[in-house]
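Just model20.txt here, compact mmCIF, C-alpha atoms:
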```
# COMPACT_ATOMS: atom_id res chain seq x y z
CA MET W 174 31.71 26.65 31.24
CA SER W 175 29.97 23.61 32.74
CA GLY W 176 26.73 25.56 33.34
CA GLN W 177 26.33 26.45 29.66
CA ARG W 178 23.98 24.43 27.43
CA ARG W 179 25.56 22.82 24.42
CA GLN W 180 24.12 24.46 21.30
CA THR W 181 22.61 22.33 18.56
CA PRO W 182 24.93 22.38 15.53
CA THR W 183 23.66 24.31 12.52
CA ILE W 184 24.27 23.97 8.81
CA HIS W 185 26.75 26.85 9.14
CA ASP W 186 28.74 24.82 11.69
CA VAL W 187 28.79 21.91 9.27
CA ALA W 188 30.02 24.20 6.48
CA ARG W 189 32.86 25.59 8.64
CA GLN W 190 33.89 22.09 9.74
CA ALA W 191 33.94 20.87 6.11
CA GLY W 192 35.60 23.99 4.74
CA VAL W 193 32.79 24.77 2.29
CA SER W 194 30.11 27.42 1.92
CA SER W 195 26.81 27.08 3.78
CA MET W 196 25.04 26.82 0.41
CA THR W 197 27.22 23.87 -0.61
CA ALA W 198 26.66 22.15 2.72
CA SER W 199 22.92 22.65 2.31
CA ARG W 200 23.02 21.16 -1.18
CA VAL W 201 24.73 18.04 0.18
CA VAL W 202 22.23 17.71 3.05
CA ASN W 203 19.33 17.96 0.60
CA ASP W 204 21.01 15.55 -1.84
CA TYR W 205 21.11 18.02 -4.73
CA PRO W 206 23.23 17.15 -7.80
CA HIS W 207 26.36 18.90 -9.09
CA VAL W 208 28.44 18.52 -5.92
CA SER W 209 31.70 16.61 -6.28
CA ALA W 210 32.24 13.33 -4.44
CA PRO W 211 35.18 14.64 -2.32
CA VAL W 212 33.09 17.62 -1.16
CA ARG W 213 30.17 15.35 -0.31
CA GLU W 214 32.50 13.15 1.74
CA ARG W 215 33.83 16.15 3.70
CA VAL W 216 30.33 17.43 4.42
CA HIS W 217 29.08 13.98 5.52
CA ALA W 218 32.15 13.61 7.75
CA ALA W 219 31.39 17.00 9.34
CA ILE W 220 27.76 15.98 9.89
CA GLN W 221 28.95 12.80 11.61
CA THR W 222 31.48 14.64 13.76
CA LEU W 223 29.09 17.37 14.89
CA GLY W 224 26.00 15.19 15.20
CA TYR W 225 24.06 17.54 12.95
CA ARG W 226 20.40 16.70 12.22
CA PRO W 227 18.41 18.67 9.62
CA ASN W 228 15.40 20.49 11.04
CA THR W 229 12.84 19.26 8.55
CA GLN W 230 9.94 21.01 10.24
CA ALA W 231 11.69 24.35 10.06
CA ARG W 232 12.68 23.75 6.46
CA ALA W 233 9.08 22.95 5.52
CA THR W 234 7.85 26.13 7.20
CA ARG W 235 10.55 28.22 5.52
CA THR W 236 10.06 26.84 2.02
CA GLY W 237 6.33 26.19 2.12
CA ILE W 238 7.01 22.58 1.09
CA ALA W 239 5.36 20.02 3.35
CA GLN W 240 6.67 16.50 3.76
CA ILE W 241 4.13 13.68 3.58
CA GLY W 242 4.97 10.19 4.78
CA LEU W 243 4.06 7.12 2.73
CA LEU W 244 4.48 3.48 3.78
CA TYR W 245 4.25 0.16 1.99
CA SER W 246 4.42 -3.41 3.30
CA ASN W 247 4.89 -5.76 0.31
CA PRO W 248 7.76 -4.72 -2.00
CA ASN W 249 6.80 -7.45 -4.49
CA SER W 250 3.18 -6.39 -4.87
CA SER W 251 2.12 -5.69 -8.45
CA ASN W 252 0.09 -2.82 -6.96
CA LEU W 253 3.18 -1.00 -5.70
CA SER W 254 4.26 0.77 -8.89
CA ASN W 255 0.79 2.24 -9.47
CA PHE W 256 0.53 3.23 -5.80
CA LEU W 257 3.88 5.03 -5.81
CA MET W 258 3.49 6.68 -9.21
CA GLY W 259 0.07 8.06 -8.33
CA ALA W 260 1.45 9.43 -5.08
CA PHE W 261 4.56 10.93 -6.72
CA LYS W 262 2.55 12.61 -9.45
CA GLN W 263 0.20 14.30 -7.00
CA ALA W 264 2.99 15.33 -4.64
CA SER W 265 4.83 16.97 -7.53
CA ALA W 266 1.71 18.75 -8.73
CA GLY W 267 0.95 19.99 -5.22
CA GLY W 268 4.49 21.14 -4.44
CA ASN W 269 4.94 18.62 -1.61
CA GLN W 270 7.65 16.08 -0.82
CA LEU W 271 7.14 12.39 -0.11
CA LEU W 272 9.14 10.36 2.37
CA ILE W 273 8.75 6.66 1.53
CA GLU W 274 9.35 3.95 4.11
CA PRO W 275 9.04 0.14 3.78
CA THR W 276 7.57 -1.41 6.91
CA LEU W 277 9.56 -4.63 6.41
CA ALA W 278 12.77 -2.70 7.13
CA HIS W 279 11.64 -2.32 10.76
CA PRO W 280 10.96 -4.70 13.65
CA THR W 281 7.35 -3.49 13.82
CA PRO W 282 5.12 -1.42 11.51
CA LEU W 283 4.82 1.19 14.28
CA ALA W 284 8.61 1.62 14.19
CA ALA W 285 8.33 2.55 10.51
CA VAL W 286 5.67 5.14 11.32
CA ARG W 287 7.83 6.51 14.13
CA LYS W 288 10.80 6.91 11.79
CA LEU W 289 8.74 9.04 9.40
CA VAL W 290 7.41 11.20 12.22
CA GLU W 291 10.89 11.73 13.64
CA ALA W 292 12.06 12.68 10.14
CA GLY W 293 9.57 15.54 10.20
CA VAL W 294 6.59 14.45 8.10
CA ARG W 295 3.55 16.60 8.78
CA ALA W 296 0.97 14.05 7.58
CA ILE W 297 1.09 10.37 6.73
CA VAL W 298 -0.72 7.96 4.39
CA LEU W 299 -1.42 4.59 6.03
CA PRO W 300 -2.05 1.47 3.88
CA PRO W 301 -3.42 -1.82 5.26
CA PRO W 302 -2.94 -3.10 7.90
CA LEU W 303 -1.62 0.16 9.43
CA CYS W 304 -4.84 1.95 8.50
CA ASP W 305 -6.71 -0.34 10.92
CA ASP W 306 -4.19 -0.29 13.79
CA PRO W 307 -5.38 1.54 16.96
CA GLU W 308 -1.82 1.67 18.30
CA VAL W 309 -0.67 3.58 15.22
CA PHE W 310 -3.54 6.05 15.48
CA ALA W 311 -2.86 6.61 19.19
CA TYR W 312 0.81 7.33 18.50
CA LEU W 313 0.05 9.77 15.68
CA GLU W 314 -2.49 11.60 17.82
CA ARG W 315 0.10 12.02 20.60
CA GLU W 316 2.55 13.41 18.06
CA GLY W 317 -0.05 15.68 16.43
CA VAL W 318 0.45 14.16 12.97
CA PRO W 319 -2.76 13.70 10.90
CA SER W 320 -3.23 10.65 8.72
CA VAL W 321 -5.15 9.38 5.70
CA SER W 322 -6.27 5.76 5.76
CA PHE W 323 -5.61 4.19 2.35
CA ALA W 324 -7.70 1.23 1.09
CA THR W 325 -9.19 0.42 4.48
CA ALA W 326 -12.45 -1.52 4.41
CA THR W 327 -13.43 -0.12 7.82
CA PRO W 328 -12.87 3.66 7.70
CA ARG W 329 -13.01 5.49 11.02
CA SER W 330 -15.38 8.43 11.26
CA ASP W 331 -12.68 10.63 12.81
CA LYS W 332 -10.00 9.85 10.21
CA ALA W 333 -9.73 10.85 6.56
CA SER W 334 -9.80 7.90 4.18
CA VAL W 335 -9.80 6.84 0.55
CA SER W 336 -11.13 3.37 -0.13
CA VAL W 337 -13.28 1.09 -2.28
CA ASP W 338 -16.21 -1.16 -1.46
CA ASP W 339 -14.32 -4.47 -1.26
CA PHE W 340 -17.50 -6.32 -0.34
CA ALA W 341 -19.28 -5.09 -3.47
CA GLY W 342 -16.26 -5.88 -5.64
CA ALA W 343 -16.14 -9.46 -4.40
CA ARG W 344 -19.86 -9.79 -5.07
CA MET W 345 -19.32 -8.62 -8.65
CA MET W 346 -16.66 -11.25 -9.33
CA THR W 347 -18.55 -14.06 -7.64
CA ARG W 348 -21.74 -13.13 -9.49
CA HIS W 349 -19.81 -13.14 -12.77
CA LEU W 350 -18.62 -16.71 -12.16
CA ILE W 351 -22.08 -17.87 -11.11
CA ASP W 352 -23.67 -16.25 -14.18
CA LEU W 353 -21.23 -18.20 -16.37
CA GLY W 354 -22.67 -21.37 -14.86
CA HIS W 355 -20.08 -22.24 -12.21
CA VAL W 356 -21.27 -24.01 -9.06
CA ASP W 357 -18.02 -25.33 -7.57
CA ILE W 358 -16.24 -22.03 -6.89
CA ALA W 359 -13.25 -21.85 -4.56
CA PHE W 360 -11.81 -18.79 -2.88
CA ILE W 361 -8.27 -17.80 -1.86
CA ARG W 362 -8.19 -15.42 1.07
CA GLY W 363 -5.90 -12.44 1.47
CA ASP W 364 -4.02 -11.53 4.64
CA ARG W 365 -6.72 -11.50 7.30
CA GLN W 366 -4.94 -8.71 9.19
CA HIS W 367 -6.08 -6.51 6.30
CA SER W 368 -9.68 -5.33 6.50
CA PRO W 369 -10.11 -5.50 2.67
CA ALA W 370 -9.27 -9.21 2.78
CA ARG W 371 -12.00 -9.87 5.31
CA ARG W 372 -14.59 -7.89 3.35
CA ARG W 373 -13.73 -9.64 0.08
CA GLU W 374 -14.26 -13.03 1.69
CA GLU W 375 -17.56 -11.84 3.18
CA GLY W 376 -18.70 -10.62 -0.25
CA PHE W 377 -17.82 -13.98 -1.81
CA ARG W 378 -19.60 -16.00 0.86
CA GLU W 379 -22.76 -13.87 0.86
CA THR W 380 -23.09 -14.02 -2.93
CA MET W 381 -22.67 -17.79 -2.90
CA ALA W 382 -25.31 -18.07 -0.18
CA ASP W 383 -27.70 -15.81 -2.10
CA ALA W 384 -27.37 -18.17 -5.06
CA GLY W 385 -28.02 -21.21 -2.86
CA LEU W 386 -24.49 -22.52 -3.40
CA ALA W 387 -22.46 -24.18 -0.66
CA VAL W 388 -18.87 -23.22 0.17
CA PRO W 389 -17.17 -26.34 1.57
CA ASP W 390 -14.24 -25.70 3.90
CA ALA W 391 -12.02 -27.46 1.36
CA PHE W 392 -12.90 -24.74 -1.17
CA VAL W 393 -11.41 -21.91 0.91
CA ALA W 394 -7.61 -21.64 1.05
CA ASP W 395 -5.41 -19.25 3.01
CA GLY W 396 -3.24 -16.69 1.26
CA ASP W 397 -1.55 -13.43 2.25
CA PHE W 398 -1.79 -11.43 -1.01
CA THR W 399 1.63 -12.67 -2.22
CA TYR W 400 2.33 -14.70 -5.34
CA ARG W 401 4.08 -17.35 -3.23
CA SER W 402 1.03 -17.84 -1.02
CA GLY W 403 -1.11 -18.12 -4.15
CA LEU W 404 1.05 -20.99 -5.40
CA ASP W 405 0.57 -22.90 -2.14
CA ALA W 406 -3.18 -22.24 -2.07
CA ALA W 407 -3.64 -23.24 -5.72
CA ARG W 408 -1.78 -26.54 -5.22
CA GLN W 409 -4.03 -27.28 -2.25
CA LEU W 410 -7.21 -26.59 -4.22
CA LEU W 411 -6.25 -28.17 -7.54
CA ARG W 412 -4.75 -31.37 -6.18
CA ALA W 413 -7.81 -32.16 -4.04
CA SER W 414 -10.05 -35.12 -4.90
CA ARG W 415 -12.87 -32.71 -5.73
CA ARG W 416 -11.55 -29.89 -7.88
CA PRO W 417 -13.36 -26.55 -8.32
CA THR W 418 -14.27 -25.37 -11.80
CA ALA W 419 -13.48 -21.76 -10.84
CA ILE W 420 -11.17 -20.04 -8.35
CA PHE W 421 -11.61 -16.46 -7.18
CA ALA W 422 -8.39 -15.15 -5.62
CA ALA W 423 -8.54 -12.06 -3.41
CA ASN W 424 -5.92 -10.25 -5.50
CA ASP W 425 -4.24 -10.49 -8.89
CA ASP W 426 -0.87 -11.73 -7.61
CA MET W 427 -2.49 -14.81 -6.10
CA ALA W 428 -4.70 -15.27 -9.17
CA ALA W 429 -1.60 -15.21 -11.39
CA ALA W 430 -0.12 -17.93 -9.20
CA VAL W 431 -3.28 -20.02 -9.68
CA SER W 432 -2.83 -19.70 -13.44
CA ALA W 433 0.79 -20.87 -13.19
CA VAL W 434 -0.15 -23.92 -11.10
CA ALA W 435 -3.03 -24.78 -13.44
CA HIS W 436 -0.74 -24.70 -16.48
CA GLY W 437 1.79 -26.82 -14.62
CA LEU W 438 -0.89 -29.43 -14.00
CA GLY W 439 -1.89 -29.43 -17.67
CA LEU W 440 -5.26 -27.79 -17.04
CA ASP W 441 -6.82 -25.64 -19.73
CA VAL W 442 -7.67 -22.09 -18.60
CA PRO W 443 -10.53 -21.28 -18.91
CA GLY W 444 -11.79 -24.54 -20.41
CA GLU W 445 -11.18 -26.64 -17.29
CA LEU W 446 -10.63 -23.85 -14.76
CA SER W 447 -11.83 -20.25 -14.69
CA ILE W 448 -9.76 -17.79 -12.64
CA GLY W 449 -10.78 -14.39 -11.25
CA GLY W 450 -8.67 -11.82 -9.44
CA PHE W 451 -9.02 -8.41 -7.82
CA ASP W 452 -7.22 -5.06 -8.41
CA ASP W 453 -6.40 -5.04 -12.17
CA THR W 454 -2.69 -4.62 -11.60
CA PRO W 455 -0.21 -4.87 -14.51
CA VAL W 456 0.16 -8.64 -13.99
CA ALA W 457 -3.50 -9.12 -14.95
CA SER W 458 -2.80 -8.24 -18.58
CA THR W 459 0.68 -9.78 -18.84
CA ILE W 460 -0.14 -13.39 -17.94
CA TRP W 461 -1.80 -15.78 -20.40
CA PRO W 462 -4.69 -15.96 -20.69
CA GLU W 463 -5.28 -12.41 -19.51
CA LEU W 464 -7.00 -12.24 -16.15
CA THR W 465 -10.62 -11.40 -15.45
CA THR W 466 -10.47 -9.10 -12.45
CA ILE W 467 -11.98 -6.19 -10.52
CA ARG W 468 -10.37 -2.88 -11.43
CA GLN W 469 -9.34 -0.84 -8.40
CA PRO W 470 -7.94 2.56 -9.47
CA ILE W 471 -4.85 2.40 -7.23
CA ALA W 472 -2.92 5.27 -8.85
CA GLU W 473 -5.89 7.64 -8.66
CA MET W 474 -6.58 6.57 -5.07
CA ALA W 475 -2.95 7.21 -4.09
CA ALA W 476 -3.08 10.65 -5.70
CA THR W 477 -6.27 11.43 -3.81
CA ALA W 478 -4.72 10.26 -0.53
CA VAL W 479 -1.70 12.54 -1.00
CA SER W 480 -3.98 15.45 -1.90
CA MET W 481 -6.02 14.81 1.25
CA ALA W 482 -2.85 14.61 3.37
CA ALA W 483 -1.73 17.99 2.01
CA ALA W 484 -5.16 19.42 2.85
CA LEU W 485 -4.86 18.09 6.39
CA ILE W 486 -1.55 19.91 6.77
CA ARG W 487 -3.01 23.19 5.53
CA GLN W 488 -6.00 22.88 7.86
CA ASP W 489 -3.96 21.57 10.82
CA GLY W 490 -5.91 18.35 10.64
CA GLU W 491 -9.24 19.81 11.67
CA ASP W 492 -11.37 20.36 8.58
CA GLU W 493 -10.46 17.61 6.13
CA ARG W 494 -11.74 14.45 7.86
CA ARG W 495 -13.51 13.39 4.70
CA HIS W 496 -14.03 9.99 3.13
CA VAL W 497 -13.60 9.26 -0.56
CA SER W 498 -14.87 6.04 -2.13
CA ALA W 499 -13.46 5.08 -5.54
CA GLU W 500 -15.41 3.09 -8.12
CA LEU W 501 -14.74 -0.57 -8.86
CA THR W 502 -15.28 -2.15 -12.28
CA LEU W 503 -15.50 -5.77 -13.42
CA ILE W 504 -13.01 -6.36 -16.26
CA PRO W 505 -13.91 -9.61 -18.07
CA ARG W 506 -10.97 -11.16 -19.91
CA ALA W 507 -9.99 -14.57 -21.26
CA SER W 508 -9.39 -16.37 -17.94
CA THR W 509 -13.10 -17.00 -17.30
CA ALA W 510 -15.65 -18.92 -19.34
CA ALA W 511 -18.59 -21.28 -18.89
CA PRO W 512 -17.65 -24.64 -17.36
CA ARG W 513 -17.40 -27.61 -19.74
```

Could I get this structure in the form of structure tokens?
Amino acid sequence: MSGQRRQTPTIHDVARQAGVSSMTASRVVNDYPHVSAPVRERVHAAIQTLGYRPNTQARATRTGIAQIGLLYSNPNSSNLSNFLMGAFKQASAGGNQLLIEPTLAHPTPLAAVRKLVEAGVRAIVLPPPLCDDPEVFAYLEREGVPSVSFATATPRSDKASVSVDDFAGARMMTRHLIDLGHVDIAFIRGDRQHSPARRREEGFRETMADAGLAVPDAFVADGDFTYRSGLDAARQLLRASRRPTAIFAANDDMAAAVSAVAHGLGLDVPGELSIGGFDDTPVASTIWPELTTIRQPIAEMAATAVSMAAALIRQDGEDERRHVSAELTLIPRASTAAPR
């Protein structure tokens, strides 16, 4: 009758439409193995016909397994594998599920967050620059989804976070180069939408000032944390009439690009140019010479963030607004030495 409300299709309706058992239909929906391709096709066709949508919130309540959302912005980052593996390991140990979403697949980062929320995540881990975005926080608060800010340099008092002291890390690297005897030290910025990038530049500049060393405008080049941007910045710095004897790049990907440009120009590293990075990602120990850098324990930080997100779910987001700060370590390797 026209006055009746149309009922939302269930997994049992999908099973009847596909001519399979409800258990088989459920296995297809949850992407379990050991279901033949023809059966999968019938179930997916039934889902399309009926407009069935899995109730992820109900499933989480029923099974006790909570879904945690995880986002990333740069698929080419050498940090990404450590970030994801740390998160996966902790989710597995804690009996939780991760939903991973790349922000570049969406017109805006907020759209990526919205997709995860609509998919039923009950907490979300926000990397830079999402972890500093008031619009994202406002949306999550309206939806009642707690978040953990990952690697923010400006943690909010009302939001859980796991981070490092980017300012202190940049001071360590700059001090290392100064102690080696370098005076003409250049810097390659990261993406200035990211709070860690801003704090790393501030740490560099303050340490140079403390040592009485000038930072000419020509010695600061723009980057965005990508290898490609590091190539452009390195060419700018190394082809100038006055060339620095050391370059500190705000992450390892850009530092690796500096090394490539230096070799292409016939410069000896570290004899004619010392290079420092930040993060200690796998690329730091695969390029030649190996890169002096600041070790940021990304995998451990990601595991901590997932653990905190799970705690927020258990406490309904009220009692786990804590802040964890991971330790940074200077890792001297062969890419830095005293200037000739």

Open item on the list: Could you tell me how far CA of Arg287 (chain W) sits from CA of Leu303 (chain W), in Å to one decimal place?
Closed with: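 Distance between the two atoms: 12.3 Å.
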
Task: Among the residues W:Thr281, W:Ser336, W:Asn424, W:Ser320, the one that comes closest to Leu501 (chain W) [using all atoms listed in the file] - done: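 Ranked by minimum distance to Leu501 (chain W), first place goes to W:Ser336.
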
TODO: Using only C-alpha atoms, pick whichever of W:Pro300, W:Glu291, W:Thr418, W:Arg487 has the shortest atom-to-atom distance to Glu445 (chain W).
DONE: W:Thr418

Task: Among the residues W:Glu379, W:Asp397, W:Asp390, W:Asp305, the one that comes closest to Met345 (chain W) [using only C-alpha atoms] - done: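 Under the stated criterion, the closest residue is W:Glu379.
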
TODO: Grab the CA of Gly363 (chain W) to CA of Glu274 (chain W) distance for me, in Å with one decimal place.
DONE: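 About the pair CA of Gly363 (chain W) and CA of Glu274 (chain W): they are 22.5 Å apart.
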
Task: For CA of Ile448 (chain W) and CA of Pro328 (chain W), the interatomic separation in Å (one decimal) - done: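 About the pair CA of Ile448 (chain W) and CA of Pro328 (chain W): they are 29.7 Å apart.
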
Task: Exercise: residues within 12 Å of coordinate (-26.0, -16.2, -11.7), counting only C-alpha atoms, as a PyMOL selection string - done: chain W and resi 344-356+380-386+511

Task: Long-range neighbours of Val193 (chain W) as a ChimeraX atom specification, 12 Å cut-off, only C-alpha atoms, 3 positions minimum in chain - done: /W:184-190,196-201,208-209,211-217,219

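Distances from W:Val298, W:Ile460, W:Met427, W:Leu272 to Ala394 (chain W) were compared using only C-alpha atoms, and the smallest one belongs to W:Met427.
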
As lines of an AutoDock Vina configuration file, what would the box around region 394-408 of chain W look like: edges along x, y and z, 4 Å added on every side, centre and edge lengths in Å to one decimal?
```
center_x = -1.8
center_y = -19.0
center_z = -1.4
size_x = 19.7
size_y = 23.1
size_z = 16.7
```

Task: W:Ala218, W:Leu299, W:Ala419, W:Ala428 ranked by distance to Asp453 (chain W), top pick (using all atoms listed in the file) - done: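 Result for the nearest residue to Asp453 (chain W): W:Ala428.
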
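Residue nearest Val286 (chain W) within the list W:Pro307, W:Gly449, W:Gly242, W:Pro443: W:Gly242 [criterion: smallest interatomic distance, only C-alpha atoms].
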
Open item on the list: Which residues are near region 463-466 of chain W? Cut-off 7 Å, only C-alpha atoms, ignore same chain within fewer than 4 positions. Put them as a PyMOL selection string.
Closed with: chain W and resi 449-453+457-459+503-509

Task: Spatial neighbours of Pro470 (chain W), 12 Å, only C-alpha atoms, chain gap at least 6 places, as a ChimeraX atom specification - done: /W:252,255-256,259,324,335-337,451-455,476-477,498-503

TODO: Might you pull out every residue within 7 Å of region 366-374 of chain W, with all atoms listed in the file counted and same-chain residues fewer than 4 positions away left off, and present them as a ChimeraX atom specification?
DONE: /W:301-302,325-327,339-340,343,362,378,423

Take the residues from that selection and write them out as an mmCIF file, keeping the file's coordinate frame, keeping C-alpha atoms.
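Everything below was put into result.cif:
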```
data_model
loop_
_atom_site.group_PDB
_atom_site.id
_atom_site.type_symbol
_atom_site.label_atom_id
_atom_site.label_comp_id
_atom_site.auth_asym_id
_atom_site.auth_seq_id
_atom_site.Cartn_x
_atom_site.Cartn_y
_atom_site.Cartn_z
ATOM 1 C CA PRO W 301 -3.420 -1.820 5.260
ATOM 2 C CA PRO W 302 -2.940 -3.100 7.900
ATOM 3 C CA THR W 325 -9.190 0.420 4.480
ATOM 4 C CA ALA W 326 -12.450 -1.520 4.410
ATOM 5 C CA THR W 327 -13.430 -0.120 7.820
ATOM 6 C CA ASP W 339 -14.320 -4.470 -1.260
ATOM 7 C CA PHE W 340 -17.500 -6.320 -0.340
ATOM 8 C CA ALA W 343 -16.140 -9.460 -4.400
ATOM 9 C CA ARG W 362 -8.190 -15.420 1.070
ATOM 10 C CA ARG W 378 -19.600 -16.000 0.860
ATOM 11 C CA ALA W 423 -8.540 -12.060 -3.410
#
```
